[in-house]
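S.K.: You'll find my_file.txt just under this line, and it carries compact mmCIF, N, CA and C atoms.
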# COMPACT_ATOMS: atom_id res chain seq x y z
N ARG C 1 -127.37 -29.28 -80.66
CA ARG C 1 -127.45 -29.00 -79.23
C ARG C 1 -126.30 -28.09 -78.85
N ARG C 2 -126.58 -27.10 -78.05
CA ARG C 2 -125.58 -26.14 -77.57
C ARG C 2 -125.51 -26.23 -76.05
N VAL C 3 -124.30 -26.40 -75.51
CA VAL C 3 -124.13 -26.56 -74.07
C VAL C 3 -123.04 -25.62 -73.59
N LEU C 4 -123.38 -24.81 -72.60
CA LEU C 4 -122.40 -23.95 -71.94
C LEU C 4 -121.96 -24.65 -70.65
N LEU C 5 -120.68 -24.97 -70.56
CA LEU C 5 -120.10 -25.59 -69.38
C LEU C 5 -119.63 -24.48 -68.44
N VAL C 6 -120.03 -24.55 -67.17
CA VAL C 6 -119.64 -23.56 -66.17
C VAL C 6 -118.97 -24.31 -65.03
N VAL C 7 -117.70 -23.95 -64.77
CA VAL C 7 -116.95 -24.66 -63.73
C VAL C 7 -116.55 -23.70 -62.62
N ASP C 8 -116.68 -24.17 -61.40
CA ASP C 8 -116.37 -23.39 -60.20
C ASP C 8 -114.91 -23.63 -59.80
N PHE C 9 -114.09 -22.61 -59.96
CA PHE C 9 -112.70 -22.67 -59.52
C PHE C 9 -112.46 -21.73 -58.34
N ARG C 10 -113.49 -21.50 -57.52
CA ARG C 10 -113.30 -20.67 -56.33
C ARG C 10 -112.39 -21.41 -55.35
N PRO C 11 -111.80 -20.70 -54.39
CA PRO C 11 -110.86 -21.34 -53.45
C PRO C 11 -111.40 -22.58 -52.75
N SER C 12 -112.69 -22.63 -52.45
CA SER C 12 -113.24 -23.80 -51.76
C SER C 12 -113.17 -25.06 -52.62
N MET C 13 -112.99 -24.89 -53.93
CA MET C 13 -112.89 -26.05 -54.83
C MET C 13 -111.44 -26.52 -54.99
N LEU C 14 -110.49 -25.74 -54.47
CA LEU C 14 -109.07 -26.08 -54.64
C LEU C 14 -108.59 -26.94 -53.48
N GLN C 15 -109.30 -28.00 -53.23
CA GLN C 15 -108.95 -28.97 -52.20
C GLN C 15 -109.52 -30.31 -52.60
N GLY C 16 -109.03 -31.36 -51.96
CA GLY C 16 -109.53 -32.69 -52.28
C GLY C 16 -109.23 -33.66 -51.18
N ARG C 17 -110.00 -34.72 -51.13
CA ARG C 17 -109.80 -35.74 -50.10
C ARG C 17 -109.26 -37.04 -50.67
N SER C 18 -109.32 -37.19 -51.97
CA SER C 18 -108.84 -38.45 -52.53
C SER C 18 -107.87 -38.16 -53.67
N ARG C 19 -108.17 -38.52 -54.88
CA ARG C 19 -107.21 -38.47 -55.97
C ARG C 19 -106.98 -37.12 -56.59
N ALA C 20 -107.93 -36.16 -56.45
CA ALA C 20 -107.80 -34.88 -57.15
C ALA C 20 -108.51 -33.77 -56.39
N PHE C 21 -108.10 -32.54 -56.67
CA PHE C 21 -108.85 -31.39 -56.16
C PHE C 21 -110.28 -31.48 -56.70
N ARG C 22 -111.21 -30.93 -55.96
CA ARG C 22 -112.60 -30.90 -56.41
C ARG C 22 -112.72 -30.13 -57.72
N SER C 23 -111.92 -29.09 -57.89
CA SER C 23 -111.94 -28.30 -59.13
C SER C 23 -111.52 -29.15 -60.32
N VAL C 24 -110.54 -30.00 -60.13
CA VAL C 24 -110.07 -30.87 -61.21
C VAL C 24 -111.15 -31.91 -61.54
N ALA C 25 -111.76 -32.50 -60.52
CA ALA C 25 -112.82 -33.47 -60.76
C ALA C 25 -113.99 -32.82 -61.50
N ALA C 26 -114.31 -31.57 -61.16
CA ALA C 26 -115.39 -30.85 -61.85
C ALA C 26 -115.03 -30.65 -63.32
N ALA C 27 -113.80 -30.23 -63.58
CA ALA C 27 -113.36 -30.02 -64.97
C ALA C 27 -113.36 -31.34 -65.74
N GLU C 28 -112.95 -32.42 -65.09
CA GLU C 28 -112.96 -33.73 -65.75
C GLU C 28 -114.38 -34.14 -66.14
N ALA C 29 -115.32 -33.97 -65.22
CA ALA C 29 -116.71 -34.35 -65.50
C ALA C 29 -117.27 -33.52 -66.66
N LEU C 30 -116.98 -32.23 -66.66
CA LEU C 30 -117.47 -31.38 -67.74
C LEU C 30 -116.78 -31.71 -69.06
N THR C 31 -115.52 -32.13 -69.00
CA THR C 31 -114.82 -32.53 -70.22
C THR C 31 -115.49 -33.74 -70.86
N VAL C 32 -115.84 -34.73 -70.05
CA VAL C 32 -116.54 -35.92 -70.57
C VAL C 32 -117.85 -35.48 -71.24
N LEU C 33 -118.62 -34.65 -70.57
CA LEU C 33 -119.88 -34.17 -71.14
C LEU C 33 -119.62 -33.38 -72.43
N GLY C 34 -118.61 -32.52 -72.40
CA GLY C 34 -118.28 -31.73 -73.58
C GLY C 34 -117.95 -32.60 -74.79
N TRP C 35 -117.17 -33.65 -74.57
CA TRP C 35 -116.84 -34.56 -75.67
C TRP C 35 -118.08 -35.27 -76.19
N GLN C 36 -118.98 -35.65 -75.30
CA GLN C 36 -120.22 -36.30 -75.75
C GLN C 36 -121.02 -35.37 -76.65
N VAL C 37 -121.12 -34.10 -76.25
CA VAL C 37 -121.85 -33.12 -77.05
C VAL C 37 -121.15 -32.91 -78.39
N ALA C 38 -119.82 -32.74 -78.35
CA ALA C 38 -119.05 -32.49 -79.57
C ALA C 38 -119.17 -33.66 -80.54
N GLU C 39 -119.07 -34.88 -80.03
CA GLU C 39 -119.15 -36.06 -80.90
C GLU C 39 -120.54 -36.26 -81.48
N ALA C 40 -121.55 -35.71 -80.81
CA ALA C 40 -122.92 -35.80 -81.32
C ALA C 40 -123.24 -34.65 -82.28
N GLY C 41 -122.23 -33.81 -82.57
CA GLY C 41 -122.43 -32.72 -83.51
C GLY C 41 -122.87 -31.41 -82.89
N GLY C 42 -122.86 -31.34 -81.57
CA GLY C 42 -123.28 -30.11 -80.89
C GLY C 42 -122.15 -29.12 -80.70
N SER C 43 -122.48 -28.01 -80.08
CA SER C 43 -121.51 -26.95 -79.78
C SER C 43 -121.33 -26.84 -78.28
N ILE C 44 -120.09 -26.52 -77.86
CA ILE C 44 -119.80 -26.34 -76.44
C ILE C 44 -119.05 -25.04 -76.24
N GLY C 45 -119.34 -24.41 -75.09
CA GLY C 45 -118.63 -23.21 -74.66
C GLY C 45 -118.27 -23.37 -73.20
N LEU C 46 -117.54 -22.42 -72.67
CA LEU C 46 -117.07 -22.53 -71.29
C LEU C 46 -117.07 -21.17 -70.61
N MET C 47 -117.35 -21.20 -69.31
CA MET C 47 -117.14 -20.05 -68.43
C MET C 47 -116.61 -20.58 -67.11
N THR C 48 -115.47 -20.04 -66.66
CA THR C 48 -114.93 -20.43 -65.35
C THR C 48 -115.31 -19.37 -64.33
N LEU C 49 -115.52 -19.81 -63.10
CA LEU C 49 -115.84 -18.91 -61.99
C LEU C 49 -114.73 -19.00 -60.96
N GLY C 50 -114.30 -17.86 -60.44
CA GLY C 50 -113.25 -17.87 -59.43
C GLY C 50 -113.00 -16.49 -58.87
N THR C 51 -111.81 -16.29 -58.33
CA THR C 51 -111.49 -15.02 -57.70
C THR C 51 -111.13 -13.93 -58.70
N GLY C 52 -110.80 -14.29 -59.91
CA GLY C 52 -110.48 -13.31 -60.94
C GLY C 52 -111.57 -13.23 -61.98
N ALA C 53 -111.25 -12.58 -63.08
CA ALA C 53 -112.19 -12.48 -64.18
C ALA C 53 -112.46 -13.88 -64.74
N PRO C 54 -113.69 -14.14 -65.15
CA PRO C 54 -113.98 -15.47 -65.71
C PRO C 54 -113.25 -15.68 -67.03
N VAL C 55 -112.86 -16.92 -67.25
CA VAL C 55 -112.36 -17.31 -68.57
C VAL C 55 -113.59 -17.72 -69.37
N ARG C 56 -113.71 -17.15 -70.56
CA ARG C 56 -114.85 -17.46 -71.42
C ARG C 56 -114.34 -18.04 -72.73
N VAL C 57 -114.94 -19.12 -73.13
CA VAL C 57 -114.64 -19.74 -74.43
C VAL C 57 -115.96 -19.74 -75.20
N PRO C 58 -116.00 -19.07 -76.35
CA PRO C 58 -117.24 -19.05 -77.13
C PRO C 58 -117.61 -20.43 -77.65
N MET C 59 -118.87 -20.57 -78.00
CA MET C 59 -119.36 -21.83 -78.53
C MET C 59 -118.51 -22.28 -79.72
N GLY C 60 -118.12 -23.54 -79.71
CA GLY C 60 -117.37 -24.14 -80.80
C GLY C 60 -117.82 -25.58 -80.96
N SER C 61 -117.39 -26.21 -82.01
CA SER C 61 -117.83 -27.59 -82.24
C SER C 61 -116.65 -28.49 -82.53
N GLY C 62 -116.90 -29.77 -82.41
CA GLY C 62 -115.92 -30.78 -82.74
C GLY C 62 -114.68 -30.74 -81.86
N ALA C 63 -113.62 -31.36 -82.38
CA ALA C 63 -112.37 -31.46 -81.62
C ALA C 63 -111.76 -30.08 -81.36
N GLU C 64 -111.87 -29.17 -82.32
CA GLU C 64 -111.32 -27.82 -82.11
C GLU C 64 -112.06 -27.10 -81.00
N GLY C 65 -113.37 -27.25 -80.96
CA GLY C 65 -114.15 -26.64 -79.88
C GLY C 65 -113.73 -27.18 -78.53
N MET C 66 -113.51 -28.49 -78.45
CA MET C 66 -113.08 -29.09 -77.18
C MET C 66 -111.66 -28.70 -76.83
N ARG C 67 -110.80 -28.53 -77.83
CA ARG C 67 -109.44 -28.07 -77.56
C ARG C 67 -109.48 -26.68 -76.90
N GLN C 68 -110.35 -25.83 -77.39
CA GLN C 68 -110.49 -24.49 -76.81
C GLN C 68 -111.05 -24.56 -75.38
N VAL C 69 -112.02 -25.44 -75.17
CA VAL C 69 -112.60 -25.60 -73.84
C VAL C 69 -111.55 -26.10 -72.85
N VAL C 70 -110.80 -27.14 -73.23
CA VAL C 70 -109.77 -27.68 -72.33
C VAL C 70 -108.71 -26.62 -72.05
N SER C 71 -108.32 -25.86 -73.05
CA SER C 71 -107.38 -24.76 -72.85
C SER C 71 -107.95 -23.74 -71.87
N GLY C 72 -109.25 -23.47 -71.96
CA GLY C 72 -109.90 -22.57 -71.02
C GLY C 72 -109.89 -23.11 -69.60
N PHE C 73 -110.12 -24.42 -69.46
CA PHE C 73 -110.02 -25.04 -68.13
C PHE C 73 -108.63 -24.81 -67.54
N VAL C 74 -107.61 -25.04 -68.34
CA VAL C 74 -106.23 -24.89 -67.87
C VAL C 74 -105.96 -23.45 -67.46
N ARG C 75 -106.32 -22.50 -68.32
CA ARG C 75 -106.10 -21.08 -67.99
C ARG C 75 -106.83 -20.69 -66.71
N GLY C 76 -108.08 -21.11 -66.59
CA GLY C 76 -108.86 -20.78 -65.40
C GLY C 76 -108.29 -21.38 -64.14
N HIS C 77 -107.83 -22.64 -64.23
CA HIS C 77 -107.29 -23.30 -63.05
C HIS C 77 -105.94 -22.71 -62.66
N GLU C 78 -105.12 -22.37 -63.64
CA GLU C 78 -103.84 -21.73 -63.34
C GLU C 78 -104.05 -20.39 -62.64
N THR C 79 -105.03 -19.63 -63.09
CA THR C 79 -105.35 -18.35 -62.44
C THR C 79 -105.83 -18.57 -61.02
N ALA C 80 -106.71 -19.55 -60.83
CA ALA C 80 -107.23 -19.85 -59.49
C ALA C 80 -106.10 -20.26 -58.55
N ALA C 81 -105.19 -21.10 -59.03
CA ALA C 81 -104.07 -21.54 -58.20
C ALA C 81 -103.16 -20.38 -57.86
N ALA C 82 -102.91 -19.50 -58.81
CA ALA C 82 -102.05 -18.33 -58.56
C ALA C 82 -102.69 -17.41 -57.53
N HIS C 83 -103.99 -17.21 -57.63
CA HIS C 83 -104.67 -16.35 -56.65
C HIS C 83 -104.63 -16.98 -55.26
N ALA C 84 -104.83 -18.29 -55.18
CA ALA C 84 -104.78 -18.97 -53.88
C ALA C 84 -103.38 -18.88 -53.28
N THR C 85 -102.36 -19.06 -54.12
CA THR C 85 -100.97 -18.95 -53.64
C THR C 85 -100.69 -17.54 -53.13
N ALA C 86 -101.33 -16.55 -53.74
CA ALA C 86 -101.14 -15.16 -53.32
C ALA C 86 -101.98 -14.81 -52.09
N GLY C 87 -102.74 -15.76 -51.58
CA GLY C 87 -103.51 -15.54 -50.36
C GLY C 87 -104.95 -15.11 -50.57
N LEU C 88 -105.44 -15.13 -51.80
CA LEU C 88 -106.83 -14.79 -52.07
C LEU C 88 -107.67 -16.05 -51.88
N LEU C 89 -108.13 -16.25 -50.63
CA LEU C 89 -108.75 -17.52 -50.27
C LEU C 89 -110.24 -17.40 -49.94
N ASP C 90 -110.82 -16.23 -50.09
CA ASP C 90 -112.23 -16.05 -49.77
C ASP C 90 -113.08 -16.29 -51.01
N ASP C 91 -114.10 -17.11 -50.84
CA ASP C 91 -115.03 -17.38 -51.94
C ASP C 91 -115.99 -16.20 -52.10
N MET C 92 -116.15 -15.75 -53.33
CA MET C 92 -117.21 -14.81 -53.64
C MET C 92 -118.49 -15.62 -53.72
N PRO C 93 -119.63 -15.08 -53.28
CA PRO C 93 -120.87 -15.84 -53.38
C PRO C 93 -121.16 -16.26 -54.83
N LEU C 94 -121.61 -17.49 -54.97
CA LEU C 94 -121.85 -18.06 -56.28
C LEU C 94 -122.88 -17.25 -57.08
N ASP C 95 -123.90 -16.72 -56.41
CA ASP C 95 -124.91 -15.96 -57.14
C ASP C 95 -124.32 -14.72 -57.80
N ARG C 96 -123.36 -14.08 -57.17
CA ARG C 96 -122.73 -12.89 -57.78
C ARG C 96 -121.93 -13.28 -59.01
N LEU C 97 -121.24 -14.41 -58.95
CA LEU C 97 -120.45 -14.86 -60.10
C LEU C 97 -121.34 -15.31 -61.25
N LEU C 98 -122.42 -15.99 -60.93
CA LEU C 98 -123.33 -16.47 -61.97
C LEU C 98 -124.17 -15.34 -62.56
N SER C 99 -124.30 -14.23 -61.84
CA SER C 99 -125.14 -13.14 -62.33
C SER C 99 -124.60 -12.53 -63.62
N VAL C 100 -123.31 -12.73 -63.92
CA VAL C 100 -122.75 -12.20 -65.17
C VAL C 100 -123.05 -13.11 -66.36
N LEU C 101 -123.67 -14.23 -66.09
CA LEU C 101 -124.03 -15.17 -67.14
C LEU C 101 -125.23 -14.62 -67.89
N ASP C 102 -124.98 -14.12 -69.08
CA ASP C 102 -126.04 -13.52 -69.89
C ASP C 102 -126.28 -14.37 -71.12
N LEU C 103 -127.41 -15.02 -71.15
CA LEU C 103 -127.73 -15.88 -72.28
C LEU C 103 -128.73 -15.23 -73.22
N SER C 104 -129.02 -13.95 -73.02
CA SER C 104 -130.04 -13.29 -73.82
C SER C 104 -129.69 -13.24 -75.30
N GLY C 105 -128.41 -13.10 -75.63
CA GLY C 105 -128.02 -13.04 -77.03
C GLY C 105 -127.72 -14.40 -77.63
N GLU C 106 -127.78 -15.43 -76.84
CA GLU C 106 -127.44 -16.78 -77.30
C GLU C 106 -128.68 -17.49 -77.83
N GLU C 107 -128.46 -18.35 -78.80
CA GLU C 107 -129.52 -19.29 -79.15
C GLU C 107 -129.76 -20.15 -77.91
N THR C 108 -130.89 -20.78 -77.86
CA THR C 108 -131.20 -21.62 -76.71
C THR C 108 -130.08 -22.62 -76.47
N CYS C 109 -129.61 -22.67 -75.23
CA CYS C 109 -128.57 -23.63 -74.90
C CYS C 109 -128.79 -24.15 -73.49
N ALA C 110 -128.22 -25.31 -73.23
CA ALA C 110 -128.23 -25.88 -71.89
C ALA C 110 -127.03 -25.31 -71.13
N VAL C 111 -127.21 -25.10 -69.85
CA VAL C 111 -126.13 -24.65 -68.98
C VAL C 111 -125.89 -25.75 -67.96
N VAL C 112 -124.63 -26.23 -67.89
CA VAL C 112 -124.27 -27.27 -66.94
C VAL C 112 -123.23 -26.68 -66.00
N ILE C 113 -123.54 -26.66 -64.70
CA ILE C 113 -122.67 -26.06 -63.69
C ILE C 113 -122.06 -27.16 -62.84
N ALA C 114 -120.72 -27.15 -62.74
CA ALA C 114 -120.03 -28.08 -61.84
C ALA C 114 -119.47 -27.25 -60.68
N SER C 115 -120.03 -27.46 -59.50
CA SER C 115 -119.67 -26.68 -58.32
C SER C 115 -119.98 -27.48 -57.07
N GLY C 116 -119.30 -27.15 -55.99
CA GLY C 116 -119.65 -27.71 -54.70
C GLY C 116 -120.77 -26.93 -54.04
N PHE C 117 -121.12 -25.77 -54.61
CA PHE C 117 -122.19 -24.88 -54.15
C PHE C 117 -121.99 -24.37 -52.73
N GLU C 118 -120.72 -24.29 -52.27
CA GLU C 118 -120.45 -23.62 -51.01
C GLU C 118 -120.65 -22.13 -51.21
N PHE C 119 -121.10 -21.44 -50.20
CA PHE C 119 -121.29 -20.00 -50.25
C PHE C 119 -122.12 -19.59 -51.46
N PRO C 120 -123.36 -20.09 -51.51
CA PRO C 120 -124.18 -19.83 -52.70
C PRO C 120 -124.66 -18.38 -52.81
N GLY C 121 -124.82 -17.70 -51.70
CA GLY C 121 -125.39 -16.36 -51.73
C GLY C 121 -126.90 -16.43 -51.69
N GLY C 122 -127.51 -15.34 -51.26
CA GLY C 122 -128.96 -15.32 -51.05
C GLY C 122 -129.79 -15.46 -52.31
N GLY C 123 -129.24 -15.09 -53.45
CA GLY C 123 -130.01 -15.15 -54.69
C GLY C 123 -129.73 -16.35 -55.56
N CYS C 124 -128.94 -17.29 -55.07
CA CYS C 124 -128.52 -18.41 -55.91
C CYS C 124 -129.69 -19.29 -56.35
N ALA C 125 -130.58 -19.63 -55.43
CA ALA C 125 -131.69 -20.52 -55.77
C ALA C 125 -132.56 -19.88 -56.87
N ALA C 126 -132.85 -18.61 -56.74
CA ALA C 126 -133.67 -17.93 -57.75
C ALA C 126 -132.95 -17.86 -59.09
N LEU C 127 -131.66 -17.62 -59.06
CA LEU C 127 -130.87 -17.56 -60.29
C LEU C 127 -130.84 -18.91 -60.99
N LEU C 128 -130.64 -19.97 -60.23
CA LEU C 128 -130.63 -21.32 -60.81
C LEU C 128 -132.01 -21.68 -61.37
N GLN C 129 -133.05 -21.26 -60.67
CA GLN C 129 -134.41 -21.50 -61.17
C GLN C 129 -134.63 -20.77 -62.50
N ALA C 130 -134.15 -19.54 -62.59
CA ALA C 130 -134.30 -18.76 -63.83
C ALA C 130 -133.51 -19.42 -64.97
N LEU C 131 -132.33 -19.95 -64.67
CA LEU C 131 -131.52 -20.60 -65.69
C LEU C 131 -132.18 -21.88 -66.18
N SER C 132 -132.91 -22.56 -65.31
CA SER C 132 -133.52 -23.83 -65.68
C SER C 132 -134.84 -23.66 -66.43
N ALA C 133 -135.34 -22.43 -66.49
CA ALA C 133 -136.64 -22.19 -67.15
C ALA C 133 -136.50 -22.20 -68.66
Any chance you could put this one into structure tokens?

M.R.:
Amino acid sequence: RRVLLVVDFRPSMLQGRSRAFRSVAAAEALTVLGWQVAEAGGSIGLMTLGTGAPVRVPMGSGAEGMRQVVSGFVRGHETAAAHATAGLLDDMPLDRLLSVLDLSGEETCAVVIASGFEFPGGGCAALLQALSA
């Protein structure tokens, strides 16, 4: 099984009402899923979404694959926090960020997106439908 984890680190995710920022909770949930896939012998990859260039981690397996994914979460979140500190607080529409997701060269894989889905953009529903096909 191959799973691409996609986490939303846009500015709207850099807030929280209880124990953690929404972005951190999203990364935690995807980490649990990633470990389940890795322990079952599958491969996991990562793409972060935010105000800067996405962090991409190619498909990997086992503990080393998860180490790379967690490192990607950290890099992506550090970039998101730095951009927010610099005043870059506007969310880009989710559909524009997801449009760079090209799975044409990949073997069949599942895509799991952790996002609050704020500011989805006009094409988000169609894009998500295409990804689920």

S.K.: One decimal, Å: what's the distance from atom CA of Met59 of chain C over to atom N of Ala126 of chain C, could you say?

M.R.: 25.8 Å

S.K.: Compare C:Ala20, C:Ala63, C:Val74, C:Ala25 by their minimum atom-to-atom distance to Glu39 of chain C, counting all atoms listed in the file, and give me the closest one.

M.R.: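 Checking each of C:Ala20, C:Ala63, C:Val74, C:Ala25 against Glu39 of chain C, counting all atoms listed in the file, the winner is C:Ala63.
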
S.K.: If we count only C-alpha atoms, what is near Pro58 of chain C at a cut-off of 10 Å, once residues fewer than 4 positions away on the same chain are taken out, given as a ChimeraX atom specification?

M.R.: /C:4,43-47,65,68-69

S.K.: If you count only C-alpha atoms, which residues fall within 10 Å of Cys124 of chain C, apart from same-chain ones fewer than 2 positions away, as a list of chain:residue names?

M.R.: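 Near neighbours after the sequence-gap exclusion: C:Pro93, C:Leu94, C:Asp95, C:Arg96, C:Leu97, C:Leu98, C:Ser99, C:Phe117, C:Phe119, C:Pro120, C:Gly121, C:Gly122, C:Ala126, C:Leu127, C:Leu128, C:Gln129, C:Ala130.
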
S.K.: Name the closest residue to Phe73 of chain C among the candidates C:Glu28, C:Ala38, C:Asp91, C:Ser115; distances are taken between atoms, counting only C-alpha atoms.

M.R.: C:Glu28

S.K.: Counting all atoms listed in the file, which of C:Gly16, C:Gly62, C:Glu78, C:Phe21 gets nearest to Trp35 of chain C?

M.R.: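 The closest residue to Trp35 of chain C is C:Gly62.
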
S.K.: Smallest atom-to-atom distance to Glu64 of chain C: which of C:Gly34, C:Arg1, C:Ala80, C:Asp8, using only C-alpha atoms?

M.R.: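 Among C:Gly34, C:Arg1, C:Ala80, C:Asp8, it is C:Gly34 that comes nearest to Glu64 of chain C.
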
S.K.: Do you have, as CSV, the list of residues of segment 2-36 of chain C lying at most 8 Å from segment 81-86 of chain C, each with its nearest atom pair and that distance in Å to one decimal, counting all atoms listed in the file and ordered by chain then number?

M.R.:
residue,atom,partner,partner_atom,distance
C:Phe9,C,C:Ala81,N,7.3
C:Pro11,CA,C:Ala84,CA,6.5
C:Leu14,CA,C:Ala81,CA,7.6

S.K.: Nearest to Thr79 of chain C among C:Gly123, C:Gly42, C:Gly116, C:Pro54, with distances taken over only C-alpha atoms: which residue is it?

M.R.: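 Result for the nearest residue to Thr79 of chain C: C:Pro54.
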
S.K.: Could you check how far atom C of Arg67 of chain C sits from atom CA of Gly52 of chain C, in Å to one decimal?

M.R.: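 Atom-to-atom, atom C of Arg67 of chain C to atom CA of Gly52 of chain C, that is 20.8 Å.
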
S.K.: Please run DSSP on the backbone and report, as an MDAnalysis selection string, all residues within chain C that come out as strand (DSSP E).

M.R.: chainID C and resid 2:8 43:49 56:61 110:114

S.K.: To one decimal place in Å, what is the distance between atom N of Ala110 of chain C and atom CA of Gln15 of chain C?

M.R.: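 Between these atoms lies a distance of 28.8 Å.
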
S.K.: Taking only chain C into account, list the residues labelled helix (DSSP H, G or I) by DSSP (computed from the backbone), as JSON, numbers by chain.

M.R.: {"C": [11, 12, 13, 22, 23, 24, 25, 26, 27, 28, 29, 30, 31, 32, 33, 34, 35, 36, 37, 38, 39, 62, 63, 64, 65, 66, 67, 68, 69, 70, 71, 72, 73, 74, 75, 76, 77, 78, 79, 80, 81, 82, 83, 84, 85, 94, 95, 96, 97, 98, 124, 125, 126, 127, 128, 129, 130, 131, 132]}

S.K.: Using only N, CA and C atoms, which of the listed residues (C:Val55, C:Val3, C:Gly41, C:Gly60) sits closest to Arg75 of chain C?

M.R.: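 Among the listed residues, C:Val55 lies closest to Arg75 of chain C.
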
S.K.: Would it be fine to have segment 109-115 of chain C, with all heavy atoms, given as a PDB file, in the first residue's frame?

M.R.:
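Result saved to selection.pdb:
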ATOM      1  N   CYS C 109      -1.768   5.172  -5.555  1.00  0.00           N
ATOM      2  CA  CYS C 109      -1.588   5.410  -4.131  1.00  0.00           C
ATOM      3  C   CYS C 109      -2.803   6.136  -3.577  1.00  0.00           C
ATOM      4  O   CYS C 109      -3.537   6.778  -4.315  1.00  0.00           O
ATOM      5  CB  CYS C 109      -0.301   6.192  -3.847  1.00  0.00           C
ATOM      6  SG  CYS C 109      -0.343   7.930  -4.272  1.00  0.00           S
ATOM      7  N   ALA C 110      -2.973   6.016  -2.281  1.00  0.00           N
ATOM      8  CA  ALA C 110      -4.018   6.756  -1.582  1.00  0.00           C
ATOM      9  C   ALA C 110      -3.456   8.126  -1.213  1.00  0.00           C
ATOM     10  O   ALA C 110      -2.271   8.257  -0.924  1.00  0.00           O
ATOM     11  CB  ALA C 110      -4.441   6.001  -0.329  1.00  0.00           C
ATOM     12  N   VAL C 111      -4.306   9.127  -1.243  1.00  0.00           N
ATOM     13  CA  VAL C 111      -3.931  10.477  -0.828  1.00  0.00           C
ATOM     14  C   VAL C 111      -4.785  10.822   0.378  1.00  0.00           C
ATOM     15  O   VAL C 111      -6.015  10.751   0.319  1.00  0.00           O
ATOM     16  CB  VAL C 111      -4.166  11.508  -1.952  1.00  0.00           C
ATOM     17  CG1 VAL C 111      -3.828  12.908  -1.482  1.00  0.00           C
ATOM     18  CG2 VAL C 111      -3.362  11.142  -3.195  1.00  0.00           C
ATOM     19  N   VAL C 112      -4.123  11.181   1.491  1.00  0.00           N
ATOM     20  CA  VAL C 112      -4.834  11.559   2.706  1.00  0.00           C
ATOM     21  C   VAL C 112      -4.482  13.014   3.004  1.00  0.00           C
ATOM     22  O   VAL C 112      -3.304  13.347   3.170  1.00  0.00           O
ATOM     23  CB  VAL C 112      -4.454  10.663   3.902  1.00  0.00           C
ATOM     24  CG1 VAL C 112      -5.200  11.091   5.153  1.00  0.00           C
ATOM     25  CG2 VAL C 112      -4.739   9.198   3.577  1.00  0.00           C
ATOM     26  N   ILE C 113      -5.498  13.869   3.051  1.00  0.00           N
ATOM     27  CA  ILE C 113      -5.308  15.307   3.254  1.00  0.00           C
ATOM     28  C   ILE C 113      -5.806  15.687   4.634  1.00  0.00           C
ATOM     29  O   ILE C 113      -6.955  15.412   4.982  1.00  0.00           O
ATOM     30  CB  ILE C 113      -6.065  16.121   2.188  1.00  0.00           C
ATOM     31  CG1 ILE C 113      -5.601  15.717   0.772  1.00  0.00           C
ATOM     32  CG2 ILE C 113      -5.878  17.621   2.423  1.00  0.00           C
ATOM     33  CD1 ILE C 113      -6.464  16.266  -0.336  1.00  0.00           C
ATOM     34  N   ALA C 114      -4.926  16.348   5.418  1.00  0.00           N
ATOM     35  CA  ALA C 114      -5.330  16.883   6.718  1.00  0.00           C
ATOM     36  C   ALA C 114      -5.371  18.402   6.592  1.00  0.00           C
ATOM     37  O   ALA C 114      -4.338  19.052   6.412  1.00  0.00           O
ATOM     38  CB  ALA C 114      -4.355  16.456   7.807  1.00  0.00           C
ATOM     39  N   SER C 115      -6.576  18.955   6.654  1.00  0.00           N
ATOM     40  CA  SER C 115      -6.779  20.385   6.457  1.00  0.00           C
ATOM     41  C   SER C 115      -8.055  20.811   7.155  1.00  0.00           C
ATOM     42  O   SER C 115      -8.955  19.995   7.376  1.00  0.00           O
ATOM     43  CB  SER C 115      -6.895  20.692   4.952  1.00  0.00           C
ATOM     44  OG  SER C 115      -7.250  22.036   4.720  1.00  0.00           O
TER      45      SER C 115
END
